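Engineer: You'll find target_5.txt just under this line, and it carries compact mmCIF, C-alpha atoms.
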# COMPACT_ATOMS: atom_id res chain seq x y z
CA MET A 1 5.58 -7.27 -14.20
CA ASP A 2 7.81 -4.21 -14.19
CA ILE A 3 6.42 -0.82 -13.11
CA VAL A 4 8.27 2.13 -14.65
CA ARG A 5 7.89 5.79 -13.69
CA VAL A 6 7.75 7.66 -16.99
CA THR A 7 9.61 10.95 -16.89
CA ALA A 8 9.29 14.00 -19.13
CA ASP A 9 12.49 13.08 -20.98
CA ALA A 10 11.12 9.71 -22.13
CA PRO A 11 11.04 9.21 -25.91
CA ALA A 12 7.93 10.52 -27.67
CA GLU A 13 7.09 6.93 -28.67
CA VAL A 14 6.48 6.06 -25.01
CA PHE A 15 3.85 8.78 -24.69
CA GLU A 16 2.29 7.69 -28.00
CA GLU A 17 2.09 4.11 -26.71
CA LEU A 18 0.46 5.26 -23.46
CA SER A 19 -2.06 7.34 -25.41
CA ALA A 20 -2.88 4.45 -27.75
CA LEU A 21 -3.65 2.18 -24.78
CA ASP A 22 -5.69 4.82 -22.96
CA ARG A 23 -7.73 5.60 -26.09
CA SER A 24 -8.27 1.89 -26.80
CA CYS A 25 -9.81 1.60 -23.34
CA PHE A 26 -11.67 4.92 -23.11
CA GLY A 27 -12.26 6.02 -26.70
CA ALA A 28 -12.39 9.75 -27.36
CA GLU A 29 -12.07 10.42 -23.62
CA GLY A 30 -8.63 8.78 -23.62
CA TRP A 31 -5.57 10.89 -23.05
CA THR A 32 -3.32 12.30 -25.76
CA ALA A 33 0.41 11.71 -25.85
CA ARG A 34 0.86 15.40 -25.09
CA ALA A 35 -1.32 15.15 -21.96
CA PHE A 36 0.82 12.27 -20.64
CA SER A 37 4.01 14.19 -21.45
CA GLU A 38 2.78 17.36 -19.74
CA LEU A 39 1.76 15.46 -16.61
CA ALA A 40 5.15 13.70 -16.48
CA ALA A 41 6.80 17.14 -16.53
CA ARG A 42 4.51 18.60 -13.86
CA ASP A 43 5.70 18.89 -10.28
CA GLY A 44 3.79 16.22 -8.37
CA GLY A 45 2.74 14.46 -11.58
CA ALA A 46 2.96 10.69 -11.78
CA VAL A 47 2.88 8.66 -14.97
CA LEU A 48 3.46 4.95 -14.47
CA ALA A 49 3.66 2.15 -17.04
CA ALA A 50 3.42 -1.58 -16.37
CA TYR A 51 5.34 -3.81 -18.74
CA ALA A 52 5.13 -7.56 -19.24
CA GLY A 53 8.44 -8.00 -21.00
CA ASP A 54 8.40 -5.43 -23.81
CA GLU A 55 4.59 -5.22 -23.92
CA LEU A 56 2.70 -2.34 -22.30
CA ALA A 57 0.25 -4.04 -19.94
CA GLY A 58 -1.17 -1.01 -18.16
CA LEU A 59 -0.81 2.64 -17.31
CA PHE A 60 -1.54 5.09 -14.53
CA ALA A 61 -1.64 8.89 -14.44
CA GLY A 62 -2.24 10.99 -11.36
CA PHE A 63 -0.79 13.74 -9.23
CA THR A 64 -0.33 15.06 -5.74
CA ALA A 65 -0.46 18.71 -4.73
CA ALA A 66 -0.40 20.13 -1.22
CA ASP A 67 -2.35 17.63 0.90
CA THR A 68 -4.35 15.89 -1.83
CA GLY A 69 -3.88 13.47 -4.70
CA GLU A 70 -5.94 12.47 -7.68
CA VAL A 71 -6.12 9.46 -9.95
CA LEU A 72 -6.65 10.80 -13.48
CA THR A 73 -6.57 7.64 -15.59
CA LEU A 74 -5.85 3.96 -15.04
CA ALA A 75 -6.01 1.45 -17.89
CA THR A 76 -5.10 -2.18 -18.46
CA ALA A 77 -4.50 -3.73 -21.87
CA PRO A 78 -7.23 -6.30 -22.69
CA GLY A 79 -4.82 -9.25 -22.71
CA HIS A 80 -3.64 -8.41 -19.19
CA ARG A 81 -6.94 -7.74 -17.43
CA ARG A 82 -7.83 -9.64 -14.26
CA ASN A 83 -4.12 -10.21 -13.57
CA GLY A 84 -3.61 -7.51 -10.95
CA VAL A 85 -2.00 -4.91 -13.23
CA ALA A 86 -4.28 -2.04 -12.17
CA ARG A 87 -3.84 -3.01 -8.50
CA LEU A 88 -0.03 -2.93 -8.89
CA LEU A 89 -0.09 0.47 -10.61
CA LEU A 90 -2.46 2.07 -8.13
CA GLY A 91 -0.59 0.51 -5.22
CA GLU A 92 2.68 1.94 -6.54
CA PHE A 93 1.17 5.42 -6.70
CA LEU A 94 -0.46 5.20 -3.26
CA SER A 95 2.78 4.01 -1.65
CA SER A 96 4.71 6.91 -3.17
CA VAL A 97 2.46 9.84 -2.25
CA PRO A 98 4.05 12.36 0.12
CA ASP A 99 3.39 11.91 3.85
CA GLU A 100 1.34 15.12 3.99
CA THR A 101 -1.20 13.72 1.49
CA GLU A 102 -4.50 13.41 3.35
CA ASN A 103 -6.82 12.17 0.60
CA VAL A 104 -6.62 10.67 -2.88
CA ALA A 105 -9.70 11.05 -5.08
CA LEU A 106 -10.92 9.70 -8.39
CA GLU A 107 -13.98 9.49 -10.62
CA VAL A 108 -15.21 6.19 -12.02
CA ARG A 109 -18.09 5.25 -14.31
CA GLN A 110 -20.90 3.87 -12.20
CA SER A 111 -21.21 0.90 -14.57
CA ASN A 112 -17.53 -0.06 -14.17
CA THR A 113 -18.14 -2.51 -11.36
CA ALA A 114 -14.70 -4.13 -11.71
CA ALA A 115 -12.97 -0.79 -11.13
CA VAL A 116 -15.32 0.17 -8.29
CA GLY A 117 -14.54 -3.17 -6.63
CA LEU A 118 -10.81 -2.63 -7.03
CA TYR A 119 -10.97 0.85 -5.55
CA MET A 120 -13.10 -0.30 -2.61
CA SER A 121 -10.66 -3.14 -1.91
CA LEU A 122 -7.88 -0.54 -1.66
CA GLY A 123 -9.78 1.60 0.84
CA PHE A 124 -11.59 4.08 -1.41
CA GLU A 125 -15.12 5.03 -0.39
CA LYS A 126 -17.90 6.64 -2.40
CA ALA A 127 -18.04 10.34 -1.55
CA GLY A 128 -20.47 11.67 -4.15
CA VAL A 129 -21.66 11.67 -7.75
CA ARG A 130 -20.76 13.82 -10.75
CA ARG A 131 -23.82 13.91 -13.01
CA ARG A 132 -23.22 13.25 -16.72
CA PHE A 133 -19.45 13.29 -16.15
CA TYR A 134 -18.81 10.83 -18.98
CA SER A 135 -19.96 10.86 -22.57
CA ASP A 136 -20.23 8.22 -25.29
CA PRO A 137 -22.31 6.95 -23.59
CA ASP A 138 -23.50 9.61 -21.15
CA GLU A 139 -23.07 8.37 -17.61
CA ASP A 140 -22.67 9.60 -14.07
CA ALA A 141 -19.39 9.13 -12.22
CA ASP A 142 -18.97 8.05 -8.65
CA ILE A 143 -16.47 10.20 -6.79
CA MET A 144 -14.36 7.96 -4.60
CA VAL A 145 -11.90 9.08 -1.93
CA LYS A 146 -9.25 7.28 0.09
CA ASN A 147 -8.28 8.86 3.39
CA MET A 148 -4.54 8.28 3.53
CA LYS A 149 -4.27 9.15 7.22
CA GLU A 150 -6.86 6.54 8.25
CA SER A 151 -5.20 3.90 6.09
CA ALA A 152 -1.64 4.66 7.24
CA GLY A 153 -0.12 1.50 8.59
CA LYS A 154 -2.82 -0.72 7.06
CA CYS A 155 -1.99 -3.25 4.36
Would you write the structure of this file as structure tokens?

Structural biologist:
Amino acid sequence: MDIVRVTADAPAEVFEELSALDRSCFGAEGWTARAFSELAARDGGAVLAAYAGDELAGLFAGFTAADTGEVLTLATAPGHRRNGVARLLLGEFLSSVPDETENVALEVRQSNTAAVGLYMSLGFEKAGVRRRFYSDPDEDADIMVKNMKESAGKC
């Protein structure tokens, strides 16, 4: 599995491919190609793609700013699920955040037990709830946070 950092100068087709995967996983809430492109151009933005050969196996989008980071979207192609793709992508992001980053946060559907389990295994803890954060279907999101200072030096 190859993890590639997607930069703003990547071909438009790359952003279209990322959007297609995100939308196949999250429906209307999935990201547009433009959103991926804009994040890749943003200072502190991180867009990562996991490839199995020439096939897009997963994607990650997030950012860091000042002393915080946020996971914005993380998706794995159906044929590559349960193979550690999401763990690799998230691990790549977490290992690359600046030293001054104190916390990394994310929201996750409460019903997405696989994702919640992954995040907990990487040191994220539930910090709150966002009511009706998701639509289609309507659902609350758990807010999860990883304290990067507490986990420094831990594997």

Engineer: Excluding range 49-64 of chain A and its own-chain neighbours fewer than 2 positions away, which residues fall within 7 Å of it when counting only C-alpha atoms? Please give them as a list of chain:residue names.

Structural biologist: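 So the residues in contact are A:Met1, A:Asp2, A:Ile3, A:Val4, A:Arg5, A:Val6, A:Leu18, A:Gly44, A:Gly45, A:Ala46, A:Val47, A:Ala66, A:Thr68, A:Gly69, A:Glu70, A:Val71, A:Leu72, A:Thr73, A:Leu74, A:Ala75, A:Thr76, A:Ala77, A:His80, A:Val85, A:Ala86, A:Leu89, A:Val97.
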
Engineer: Mind pulling up the distance from CA of Cys25 in chain A to CA of Arg87 in chain A?

Structural biologist: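 Between these atoms lies a distance of 16.6 Å.
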
Engineer: Which residue, A:Leu21, A:Glu92, A:Asp67, A:Arg109, has the smallest gap to Gly79 in chain A when you use all atoms listed in the file?

Structural biologist: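 Selected residue with least distance to Gly79 in chain A: A:Leu21.
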
Engineer: Nearest to Ser24 in chain A among A:Pro78, A:Gly128, A:Gly84, A:Gly117, with distances taken over all atoms listed in the file: which residue is it?

Structural biologist: A:Pro78

Engineer: Ranking A:Ala127, A:Met148, A:Ala115, A:Met120 by minimum distance to Asn103 in chain A and counting only C-alpha atoms, which one comes first?

Structural biologist: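 Using only C-alpha atoms, Asn103 in chain A sits closest to A:Met148.
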
Engineer: Would you mind reading off the distance between CA of Glu29 in chain A and CA of Glu102 in chain A, one decimal, in Å?

Structural biologist: 28.2 Å

Engineer: To one decimal place in Å, what is the distance between CA of Ser135 in chain A and CA of Phe26 in chain A?

Structural biologist: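 Going from CA of Ser135 in chain A over to CA of Phe26 in chain A, I get 10.2 Å.
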
Engineer: Got a sec: who's within 10 Å of Ala28 in chain A, counting only C-alpha atoms, leaving out chain neighbours fewer than 5 positions off, as a ChimeraX atom specification?

Structural biologist: /A:22-23,135-136

Engineer: Report as number ranges by chain all protein, DNA and RNA residues lying within 9 Å of Arg131 in chain A, evaluated on only C-alpha atoms, omitting residues in the same chain fewer than 2 positions from it.

Structural biologist: A: 129, 133-134, 139-142

Engineer: I'd like the box whose edges run along x, y and z of the file and which contains every listed atom of range 104-115 of chain A, padded by 5 Å per side; could you state its centre and edge lengths in Å, one decimal, as lines of an AutoDock Vina configuration file?

Structural biologist:
center_x = -13.9
center_y = 3.5
center_z = -8.7
size_x = 24.6
size_y = 25.2
size_z = 21.7
